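> File name my_file-v6.txt; file contents compact mmCIF, C-alpha atoms and all ligand atoms; full text below.
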```txt
# COMPACT_ATOMS: atom_id res chain seq x y z
CA MET A 1 -60.37 77.16 16.10
CA LYS A 2 -58.81 74.06 14.70
CA THR A 3 -55.51 75.90 14.22
CA THR A 4 -55.62 77.25 17.75
CA ASN A 5 -56.20 73.77 19.12
CA LEU A 6 -53.37 72.43 17.07
CA ILE A 7 -51.01 75.12 18.29
CA LEU A 8 -52.17 74.64 21.85
CA SER A 9 -51.78 70.87 21.75
CA SER A 10 -48.38 71.00 20.12
CA PHE A 11 -47.33 73.51 22.77
CA LEU A 12 -48.52 71.14 25.51
CA PHE A 13 -46.83 68.25 23.77
CA ALA A 14 -43.56 70.17 23.57
CA SER A 15 -43.60 71.12 27.24
CA SER A 16 -44.32 67.57 28.36
CA VAL A 17 -41.48 66.26 26.23
CA PHE A 18 -39.15 68.90 27.61
CA ALA A 19 -38.22 66.98 30.72
CA SER A 20 -36.09 68.64 33.34
CA GLU A 21 -35.67 65.22 34.90
CA PHE A 22 -34.37 61.97 33.49
CA SER A 23 -34.16 58.54 35.08
CA THR A 24 -31.10 56.48 34.31
CA THR A 25 -28.51 54.30 36.01
CA ALA A 26 -25.44 55.62 37.81
CA LEU A 27 -22.89 54.40 40.32
CA ILE A 28 -23.95 55.15 43.89
CA ARG A 29 -23.03 53.82 47.35
CA ASP A 30 -25.27 51.37 49.19
CA ASP A 31 -25.96 51.57 52.95
CA ASN A 32 -22.67 49.85 53.69
CA HIS A 33 -20.82 52.29 51.46
CA ASN A 34 -20.17 49.69 48.76
CA PRO A 35 -20.49 50.84 45.16
CA LYS A 36 -23.51 49.68 43.15
CA VAL A 37 -25.14 50.67 39.88
CA ASP A 38 -28.73 51.72 40.47
CA THR A 39 -31.49 53.86 38.96
CA VAL A 40 -31.29 57.55 39.83
CA THR A 41 -33.16 60.67 38.73
CA LEU A 42 -31.14 63.46 37.19
CA THR A 43 -32.68 66.89 37.82
CA ASP A 44 -32.43 70.39 36.31
CA LEU A 45 -31.71 69.15 32.80
CA GLU A 46 -32.05 71.58 29.91
CA SER A 47 -31.83 68.93 27.23
CA THR A 48 -34.09 65.94 26.52
CA GLU A 49 -31.31 63.92 24.93
CA ALA A 50 -28.00 64.81 26.57
CA PHE A 51 -26.31 65.43 29.94
CA ASP A 52 -26.76 69.17 29.61
CA GLY A 53 -28.38 70.91 32.57
CA LYS A 54 -28.89 74.26 34.20
CA TYR A 55 -25.70 73.93 36.24
CA PHE A 56 -23.57 71.25 34.57
CA LYS A 57 -22.79 70.12 31.05
CA ILE A 58 -20.91 66.81 30.81
CA VAL A 59 -18.68 66.53 27.75
CA LYS A 60 -16.15 63.99 26.54
CA GLY A 61 -12.52 65.17 26.40
CA LYS A 62 -12.08 68.46 24.53
CA GLU A 63 -15.57 68.41 23.00
CA GLU A 64 -18.08 71.18 23.74
CA THR A 65 -21.33 69.32 23.03
CA ALA A 66 -22.81 67.29 25.88
CA VAL A 67 -22.61 63.49 26.04
CA LYS A 68 -25.88 61.99 24.71
CA PHE A 69 -28.12 59.76 26.83
CA ASN A 70 -27.67 57.08 24.17
CA ALA A 71 -23.87 57.25 24.11
CA ASP A 72 -21.98 53.98 24.50
CA GLU A 73 -22.53 52.41 27.91
CA GLN A 74 -19.06 53.11 29.36
CA LEU A 75 -19.33 56.81 28.56
CA ARG A 76 -23.03 57.10 29.50
CA LEU A 77 -22.45 55.56 32.93
CA ARG A 78 -19.60 57.98 33.70
CA ALA A 79 -21.59 60.98 32.47
CA ALA A 80 -24.65 59.96 34.52
CA THR A 81 -22.53 59.28 37.62
CA THR A 82 -20.72 62.62 37.49
CA TYR A 83 -23.92 64.56 36.76
CA PHE A 84 -25.83 62.88 39.59
CA HIS A 85 -23.13 63.40 42.23
CA LEU A 86 -22.30 66.94 41.11
CA MET A 87 -25.97 67.86 41.61
CA LYS A 88 -25.86 66.26 45.05
CA ALA A 89 -22.73 68.25 45.94
CA ARG A 90 -24.17 71.50 44.59
CA ASN A 91 -27.44 70.99 46.49
CA PHE A 92 -25.45 70.43 49.68
CA PHE A 93 -23.59 73.74 49.34
CA VAL A 94 -26.73 75.65 48.35
CA ASP A 95 -29.27 74.08 50.75
CA VAL A 96 -27.20 73.03 53.78
CA VAL A 97 -24.20 75.39 53.74
CA LYS A 98 -26.31 78.25 52.27
CA ALA A 99 -23.41 79.37 50.10
CA ASP A 100 -24.51 82.27 47.87
CA TYR A 101 -21.27 81.97 45.91
CA VAL A 102 -22.27 78.45 44.89
CA ALA A 103 -25.93 79.33 44.24
CA ASN A 104 -24.81 82.04 41.81
CA PHE A 105 -21.96 80.10 40.24
CA PRO A 106 -22.23 80.02 36.43
CA LYS A 107 -22.98 76.78 34.60
CA MET A 108 -19.91 74.55 34.46
CA THR A 109 -18.44 72.34 31.77
CA ILE A 110 -17.34 68.98 33.17
CA ARG A 111 -14.90 66.94 31.10
CA ILE A 112 -14.78 63.16 31.45
CA GLU A 113 -12.31 60.81 29.75
CA HIS A 114 -10.12 63.87 29.32
CA SER A 115 -6.38 63.21 29.17
CA ASN A 116 -4.89 66.55 28.04
CA GLN A 117 -2.95 68.55 30.59
CA PHE A 118 -4.09 72.02 31.61
CA SER A 119 -2.56 75.09 30.00
CA GLU A 120 -3.17 78.55 31.46
CA LEU A 121 -2.91 80.13 28.03
CA GLY A 122 -4.27 77.45 25.75
CA HIS A 123 -6.83 75.72 28.00
CA PHE A 124 -5.42 72.30 26.96
CA THR A 125 -1.92 71.21 26.05
CA ASN A 126 -1.25 69.43 22.78
CA ASP A 127 -2.67 65.88 22.51
CA ALA A 128 0.79 64.38 22.20
CA TYR A 129 2.01 65.94 25.42
CA GLU A 130 2.06 63.51 28.39
CA PRO A 131 -1.56 62.34 28.59
CA GLN A 132 -2.92 62.05 32.14
CA PHE A 133 -4.71 59.12 33.77
CA ASN A 134 -6.17 58.04 37.12
CA ASN A 135 -6.71 61.54 38.43
CA ALA A 136 -9.15 64.44 38.59
CA LEU A 137 -8.66 68.17 38.93
CA SER A 138 -10.51 71.47 39.01
CA ILE A 139 -9.22 74.21 36.76
CA PRO A 140 -9.67 77.98 37.12
CA ALA A 141 -11.48 80.07 34.48
CA GLY A 142 -9.28 81.50 31.70
CA ARG A 143 -9.45 84.48 29.38
CA GLY A 144 -8.55 82.48 26.29
CA TYR A 145 -6.12 83.54 23.59
CA ALA A 146 -7.70 85.04 20.49
CA PRO A 147 -4.62 84.85 18.19
CA ARG A 148 -4.72 81.06 18.56
CA ASN A 149 -8.50 80.74 18.55
CA VAL A 150 -8.63 79.73 22.18
CA ALA A 151 -12.03 80.81 23.51
CA PRO A 152 -12.42 81.99 27.13
CA TRP A 153 -13.53 79.25 29.51
CA GLY A 154 -15.15 79.07 32.96
CA ALA A 155 -14.00 76.97 35.91
CA GLU A 156 -14.15 73.29 34.93
CA ILE A 157 -13.66 69.88 36.51
CA TRP A 158 -11.70 67.28 34.59
CA PHE A 159 -11.90 63.54 35.17
CA ARG A 160 -9.03 61.56 33.70
CA PRO A 161 -9.48 58.23 31.93
CA SER A 162 -8.58 55.29 34.14
CA LYS A 163 -5.60 53.19 33.31
CA LYS A 164 -4.76 49.85 34.89
CA ILE A 165 -1.34 49.60 36.46
CA HIS A 166 0.11 46.22 37.36
CA ILE A 167 1.28 45.90 40.91
CA ASN A 168 4.76 44.95 39.72
CA ASP A 169 5.01 48.34 38.04
CA LEU A 170 4.35 50.16 41.28
CA LYS A 171 7.94 49.52 42.31
CA VAL A 172 7.09 49.42 45.99
CA ASN A 173 8.64 46.46 47.80
CA ASN A 174 6.72 43.29 48.46
CA LEU A 175 3.21 44.43 47.64
CA GLY A 176 2.18 41.71 45.22
CA THR A 177 1.36 39.17 47.89
CA GLN A 178 -0.85 41.40 50.03
CA GLU A 179 -4.53 42.12 49.89
CA PHE A 180 -5.34 45.73 49.27
CA SER A 181 -7.01 46.46 52.61
CA VAL A 182 -4.12 44.88 54.49
CA LEU A 183 -1.70 46.79 52.35
CA MET A 184 -3.31 50.16 53.05
CA ALA A 185 -3.65 49.44 56.76
CA SER A 186 -0.01 48.54 57.07
CA PHE A 187 0.96 51.65 55.19
CA ARG A 188 -0.98 53.81 57.58
CA ASN A 189 0.03 52.15 60.80
CA GLN A 190 3.49 50.80 60.36
CA ILE A 191 5.25 51.83 57.23
CA HIS A 192 6.31 55.45 57.23
CA MET A 193 4.50 58.01 55.13
CA GLN A 194 7.16 57.99 52.48
CA SER A 195 5.98 54.58 51.26
CA LEU A 196 2.35 55.61 51.13
CA ASN A 197 3.35 58.71 49.26
CA LYS A 198 5.31 56.61 46.78
CA PHE A 199 2.50 54.11 46.31
CA LEU A 200 -0.14 56.74 45.66
CA THR A 201 2.11 58.80 43.45
CA ASN A 202 2.84 55.71 41.41
CA VAL A 203 -0.82 55.03 40.78
CA ILE A 204 -1.89 58.60 40.14
CA VAL A 205 0.47 59.27 37.32
CA SER A 206 0.73 59.12 33.62
CA VAL A 207 2.09 55.87 32.29
CA THR A 208 3.69 55.86 28.87
CA ASP A 209 2.31 53.09 26.68
CA GLU A 210 5.42 52.37 24.68
CA ALA A 211 7.83 51.79 27.52
CA SER A 212 5.12 50.80 30.02
CA GLU A 213 7.20 52.78 32.43
CA VAL A 214 5.79 54.49 35.47
CA LYS A 215 6.66 58.15 35.67
CA PRO A 216 6.38 58.99 39.33
CA PHE A 217 6.94 62.70 39.01
CA SER A 218 4.41 63.90 36.54
CA SER A 219 3.95 67.61 37.25
CA GLU A 220 0.22 67.23 37.69
CA SER A 221 0.48 64.41 40.19
CA LEU A 222 2.69 66.51 42.40
CA ILE A 223 0.63 69.65 42.11
CA ARG A 224 -2.87 68.23 42.17
CA THR A 225 -4.00 65.03 43.75
CA VAL A 226 -7.42 64.01 44.83
CA GLY A 227 -7.08 64.42 48.56
CA ALA A 228 -6.20 62.33 51.56
CA SER A 229 -5.22 58.70 51.36
CA LEU A 230 -8.52 57.43 52.79
CA MET A 231 -10.50 59.24 50.12
CA LEU A 232 -8.16 57.89 47.47
CA GLU A 233 -8.41 54.42 48.89
CA LEU A 234 -12.19 54.49 48.38
CA GLY A 235 -11.54 54.84 44.70
CA PHE A 236 -8.91 52.19 44.15
CA ARG A 237 -10.41 49.22 42.48
CA ALA A 238 -9.56 45.86 43.89
CA VAL A 239 -13.10 44.87 42.87
CA ASP A 240 -14.66 46.40 39.78
CA PRO A 241 -18.03 47.81 40.94
CA VAL A 242 -19.67 47.11 37.60
CA THR A 243 -18.36 43.69 36.61
CA LYS A 244 -17.53 42.61 40.18
CA ALA A 245 -14.31 41.17 38.80
CA LEU A 246 -11.72 40.74 41.51
CA SER A 247 -8.13 41.67 40.93
CA ARG A 248 -5.33 42.02 43.40
CA LYS A 249 -2.76 42.63 40.72
CA TRP A 250 -4.14 45.67 38.96
CA TYR A 251 -4.86 49.08 40.38
CA TRP A 252 -6.56 52.02 38.82
CA LEU A 253 -8.53 55.08 39.76
CA ASP A 254 -11.64 55.74 37.70
CA THR A 255 -12.27 59.17 39.16
CA ALA A 256 -15.57 59.82 37.31
CA MET A 257 -16.94 56.70 39.06
CA VAL A 258 -15.97 57.61 42.63
CA PRO A 259 -18.63 59.73 44.40
CA GLU A 260 -16.19 61.06 47.04
CA ILE A 261 -13.74 62.25 44.39
CA ILE A 262 -16.57 64.01 42.54
CA TYR A 263 -17.58 65.73 45.83
CA HIS A 264 -13.94 66.59 46.56
CA GLU A 265 -13.45 68.30 43.20
CA TYR A 266 -16.74 70.17 43.48
CA ALA A 267 -15.77 71.30 46.99
CA HIS A 268 -12.68 72.97 45.47
CA ILE A 269 -15.02 74.96 43.21
CA ALA A 270 -17.37 75.81 46.09
CA LEU A 271 -14.47 77.10 48.22
CA SER A 272 -12.77 78.88 45.34
CA ASP A 273 -14.08 82.34 46.24
CA LYS A 274 -11.41 82.31 48.98
CA LEU A 275 -9.20 79.31 48.21
CA VAL A 276 -8.24 79.93 44.60
CA LEU A 277 -7.71 77.06 42.18
CA SER A 278 -4.17 78.05 41.22
CA HIS A 279 -2.46 75.33 43.22
CA SER A 280 -3.19 72.94 46.02
CA THR A 281 -1.81 72.64 49.51
CA ALA A 282 -2.46 70.32 52.43
CA ILE A 283 -4.96 72.77 53.90
CA ILE A 284 -6.89 73.19 50.66
CA GLU A 285 -6.99 69.43 50.07
CA GLY A 286 -7.98 68.75 53.67
CA MET A 287 -10.81 71.30 53.43
CA ALA A 288 -12.08 69.71 50.19
CA ASP A 289 -11.96 66.26 51.79
CA PHE A 290 -13.85 67.51 54.83
CA PHE A 291 -16.75 68.68 52.67
CA ALA A 292 -16.57 65.55 50.49
CA GLY A 293 -16.98 63.52 53.69
CA GLN A 294 -19.97 65.64 54.75
CA ILE A 295 -21.69 65.32 51.38
CA ALA A 296 -21.14 61.55 51.36
CA ASP A 297 -22.86 61.53 54.78
CA SER A 298 -22.11 57.87 55.44
CA PRO A 299 -21.77 56.36 58.93
CA THR A 300 -19.48 53.72 57.42
CA LEU A 301 -17.24 56.42 55.99
CA ALA A 302 -17.29 58.40 59.26
CA LYS A 303 -16.24 55.27 61.13
CA GLY A 304 -13.49 54.71 58.58
CA ILE A 305 -12.24 58.25 59.03
CA LYS A 306 -12.19 57.83 62.80
CA GLN A 307 -10.26 54.58 62.64
CA TYR A 308 -7.98 55.87 59.98
CA ASN A 309 -7.06 58.97 61.88
CA VAL A 310 -3.80 57.55 63.13
CA TYR A 311 -2.90 60.85 64.72
CA ASN A 312 -5.39 60.64 67.54
CA GLY A 313 -7.85 57.81 67.07
CA LYS A 314 -8.39 55.31 69.87
CA SER A 315 -7.71 52.40 67.54
CA ALA A 316 -4.56 54.00 66.17
CA LYS A 317 -1.62 51.67 66.48
CA ARG A 318 0.82 54.50 66.52
CA LYS A 319 0.20 57.98 67.80
CA GLN A 320 1.63 60.47 65.41
CA ASN A 321 2.11 64.04 66.46
CA TYR A 322 2.55 67.06 64.30
CA MET A 323 6.07 67.50 62.99
CA THR A 324 7.45 70.42 61.09
CA GLU A 325 8.30 68.03 58.26
CA PHE A 326 4.60 67.61 57.66
CA GLU A 327 4.58 70.98 56.02
CA MET A 328 6.78 69.46 53.34
CA THR A 329 5.37 65.98 52.74
CA GLU A 330 2.30 66.14 50.57
CA TYR A 331 0.21 63.16 51.63
CA ALA A 332 1.02 63.14 55.34
CA ASN A 333 -0.01 66.75 55.30
CA THR A 334 -3.37 66.25 53.65
CA ASP A 335 -4.18 63.30 55.90
CA PHE A 336 -3.21 65.33 58.93
CA VAL A 337 -5.43 68.29 58.04
CA PHE A 338 -8.36 66.07 57.10
CA GLY A 339 -8.20 64.23 60.44
CA LEU A 340 -7.79 67.51 62.31
CA LEU A 341 -10.82 69.18 60.71
CA TRP A 342 -12.93 66.08 61.29
CA GLU A 343 -12.04 66.23 64.97
CA MET A 344 -12.68 69.98 65.19
CA LYS A 345 -16.23 69.45 63.96
CA LYS A 346 -16.91 67.36 67.06
CA ILE A 347 -15.62 70.13 69.30
CA VAL A 348 -17.71 72.91 67.79
CA GLY A 349 -20.74 70.61 67.57
CA GLU A 350 -22.16 68.43 64.81
CA ASP A 351 -24.96 70.94 64.18
CA ARG A 352 -22.69 73.89 63.46
CA GLY A 353 -19.62 72.03 62.18
CA VAL A 354 -20.34 72.54 58.48
CA ALA A 355 -21.02 76.29 58.84
CA PHE A 356 -17.87 76.56 60.95
CA MET A 357 -15.68 74.97 58.28
CA TYR A 358 -17.24 77.10 55.56
CA GLU A 359 -16.50 80.19 57.66
CA LEU A 360 -12.95 78.91 58.19
CA ARG A 361 -12.13 79.45 54.49
CA ASN A 362 -12.56 83.23 55.11
CA ASN A 363 -9.66 83.04 57.55
CA LEU A 364 -7.34 81.07 55.25
CA THR A 365 -5.56 81.72 51.99
CA THR A 366 -4.03 79.50 49.36
CA ASN A 367 -0.68 79.99 51.09
CA SER A 368 -1.70 79.29 54.68
CA SER A 369 0.46 76.95 56.74
CA ILE A 370 -0.80 74.45 59.29
CA ARG A 371 1.16 75.75 62.25
CA ASN A 372 0.29 79.39 61.79
CA GLU A 373 -2.74 80.39 59.74
CA LEU A 374 -4.76 77.21 60.14
CA ILE A 375 -4.60 77.40 63.92
CA GLU A 376 -5.32 81.11 63.98
CA GLY A 377 -8.13 80.53 61.49
CA LEU A 378 -9.72 77.84 63.66
CA LEU A 379 -9.66 80.12 66.71
CA LYS A 380 -10.95 83.12 64.79
CA SER A 381 -13.77 81.07 63.24
CA CYS A 382 -14.64 79.89 66.74
CA ASP A 383 -15.04 83.49 67.93
CA ASP A 384 -17.65 83.99 65.24
CA MET A 385 -19.32 80.59 65.08
CA CYS A 386 -18.95 78.62 68.32
CA SER A 387 -21.85 78.41 70.77
CA SER A 388 -19.58 79.18 73.70
CA PRO A 389 -16.40 80.61 72.16
CA PHE A 390 -14.44 80.83 75.41
CA ASN A 391 -14.84 77.15 76.34
CA ASP A 392 -14.68 75.90 72.76
CA ARG A 393 -11.44 77.77 72.11
CA ILE A 394 -9.91 76.02 75.10
CA SER A 395 -11.11 72.65 73.77
CA ILE A 396 -9.63 73.44 70.35
CA LEU A 397 -6.29 74.43 71.85
CA LYS A 398 -6.27 71.29 73.98
CA ALA A 399 -6.94 69.09 70.95
CA LEU A 400 -4.22 70.83 68.96
CA ASN A 401 -1.82 70.49 71.85
CA HIS A 402 -2.63 66.79 72.07
CA LYS A 403 -1.55 66.52 68.45
CA GLY A 404 1.75 68.16 69.16
CA ILE A 405 0.95 71.49 67.55
ZN ZN A 501 -8.00 68.30 45.54
```
Mind turning this structure into structure tokens?


Amino acid sequence: MKTTNLILSSFLFASSVFASEFSTTALIRDDNHNPKVDTVTLTDLESTEAFDGKYFKIVKGKEETAVKFNADEQLRLRAATTYFHLMKARNFFVDVVKADYVANFPKMTIRIEHSNQFSELGHFTNDAYEPQFNNALSIPAGRGYAPRNVAPWGAEIWFRPSKKIHINDLKVNNLGTQEFSVLMASFRNQIHMQSLNKFLTNVIVSVTDEASEVKPFSSESLIRTVGASLMLELGFRAVDPVTKALSRKWYWLDTAMVPEIIYHEYAHIALSDKLVLSHSTAIIEGMADFFAGQIADSPTLAKGIKQYNVYNGKSAKRKQNYMTEFEMTEYANTDFVFGLLWEMKKIVGEDRGVAFMYELRNNLTTNSSIRNELIEGLLKSCDDMCSSPFNDRISILKALNHKGI
């Protein structure tokens, strides 16, 4: 009897200790969309001491064991922030979008503070090879390479360490004297896209320590960037959200601390049944940004997107129509698609907009172009998803025509 009681009580003790939830602090957005560190509850954990859950395991760099709850504060905060927002993004795709692909997606390894480049054969490149900073990317699953002891891996998301870059190293004329918000606004409205492209590329790149020299054409920065300029702008730190220190001279992108970038990367995974992770295009980035914006669900952000949409917004200083060159210029492209999809949601209706965009991925491929497949895809999705396809198709065509497509 005594033994039974002991066994029973230790069993009860064990199950109460095994918490699937854990309260901790993470970076979130307040009602005005400003970043703040606040207490959150992490759900679906499988460990009582580390960021290891049913759907996500957060590791540091190339490690395979999860970051511990008692890791140093810098690492803990990034692990908690990525875990919390990844769960939010997953719940959105499972509960709101009703995506079976996402519901059944295997548990993912998420790497933070990870600077190695991706290798299709080896998973990671050698440590000495061009470490990456200020970026994030989603990688496809790989079969591994037994002769070199490379184990197979599933799809992963990698968050690069942040690295401060002095404004003088950005090598874009006359920026040092301007406040960041003014700077971005002037880029969007007056200065041509080439300058914005150059600015962003300069920040999202690897910087070699020894020469302190900016390498604007890192392969990764050209192939994979974290979406449209507005979404990137949300992440640039003129004010550090943790220390509140103000700096107009230093820019960096701490991707594991930017909710919208976490949503963007997860959206790539959620759409990867149709839009494979092999490379990124304007359409793929615009789609990921659309869902990131939906998950963020912020009126402040929505207002920002509306104002920022220089291609058709009422407050746009310059109306920009579609040009064939857009198919070639990375950032203009992504911004264009993002603004276009945001507008399309209004046409098909707020209530069915998310389902419409999720359906749209069925009518696109990784190689779709804006002028052909995206337009056809929008019309085809409307046939299946719009409440009154005939009228809504006309509205879509009108809106596209207004944009010069
Ligand atoms: Zn992306």

> Determine, counting only C-alpha atoms, which protein, DNA and RNA residues have an atom within 10 Å of an atom of Arg352 (chain A); residues of the same chain fewer than 4 positions away are not included. Present the result as JSON, numbers by chain.

{"A": [97, 345, 346, 347, 348, 356, 357, 385, 386, 387]}

> Find the spatial neighbours of His85 (chain A), counting only C-alpha atoms, within a cut-off of 10 Å - ignore same-chain residues fewer than 4 positions away - and output them as a list in words.

Ala26, Leu27, Ile28, Leu42, Ala80, Thr81, Ala89, Arg90, Asn91, Ala256, Met257, Val258, Pro259, Glu260, Ile261, Ile262, Tyr263, Tyr266, Ile295 and Ala296 of chain A

> Rank nothing, just name the residue among A:Leu341, A:Val354, A:Ala302, A:Leu364 nearest to His33 (chain A), using only C-alpha atoms.

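Selected residue with least distance to His33 (chain A): A:Ala302.
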
> Using all atoms listed in the file, determine which residues lie at most 12 Å from Asn126 (chain A), disregarding the query and same-chain residues fewer than 5 positions distant; provide the list as a tab-separated table (two decimals) with C-alpha atoms, keeping the file's coordinate frame.


```tsv
chain	number	residue	atom	x	y	z
A	62	LYS	CA	-12.08	68.46	24.53
A	115	SER	CA	-6.38	63.21	29.17
A	116	ASN	CA	-4.89	66.55	28.04
A	117	GLN	CA	-2.95	68.55	30.59
A	118	PHE	CA	-4.09	72.02	31.61
A	119	SER	CA	-2.56	75.09	30.00
A	131	PRO	CA	-1.56	62.34	28.59
```

> So, counting all atoms listed in the file, which residue among A:Trp153, A:Phe291, A:Tyr251, A:Tyr83 is closest to ligand ZN 501 (chain A)?

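Selected residue with least distance to ligand ZN 501 (chain A): A:Phe291.
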
> Which residue, A:Ile284, A:Ala103, A:Leu378, A:Ile157, has the smallest gap to ligand ZN 501 (chain A) when you use all atoms listed in the file?

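The shortest atom-to-atom distance to ligand ZN 501 (chain A) comes from A:Ile284.
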
> Please determine, counting only C-alpha atoms and all ligand atoms, which residue among A:Asp100, A:Glu376, A:Glu265, A:Glu73 has the shortest atom-to-atom distance to ligand ZN 501 (chain A).

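Of all the options, A:Glu265 lies closest to ligand ZN 501 (chain A).
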
> Could you tell me how far CA of His123 (chain A) lies from CA of Thr43 (chain A), in Å and to one decimal?

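It comes out at 29.0 Å.
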
> Need the shell around Glu359 (chain A): protein/DNA/RNA residues with any atom at most 12 Å away, counting all atoms listed in the file. Skip same-chain ones fewer than 6 positions apart. Format as number ranges by chain?

A: 97-99, 271, 273-275, 287, 352-353, 377-386

> I'd like the neighbourhood of Lys54 (chain A) as a list in words, where a residue qualifies if any of its atoms comes within 10 Å (using all atoms listed in the file), though same-chain residues fewer than 4 positions away should be ignored.

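Skipping anything fewer than 4 positions along the chain leaves Ser20, Thr43, Asp44, Leu45, Glu46, Ser47, Pro106, Lys107 and Met108 of chain A.
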
> Please compute the CA of Thr39 (chain A)-CA of Gln294 (chain A) distance, one decimal, in Å.

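Computing it gives 22.8 Å between the two atoms.
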
> Calculate how many Å separate CA of Ala267 (chain A) from CA of Tyr358 (chain A), rounding to one decimal.

10.5 Å

> Check the smallest atom-to-atom distance from each of A:His264, A:Arg78, A:Arg29, A:Lys163 to Phe338 (chain A) using all atoms listed in the file, then report the winner.

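Smallest separation from Phe338 (chain A) among the options: A:His264.
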
> Here is a test: counting all atoms listed in the file, which residue of A:Lys306, A:Val150, A:Asn70, A:Met87 is nearest to Thr41 (chain A)?

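Closest residue, counting all atoms listed in the file: A:Met87.
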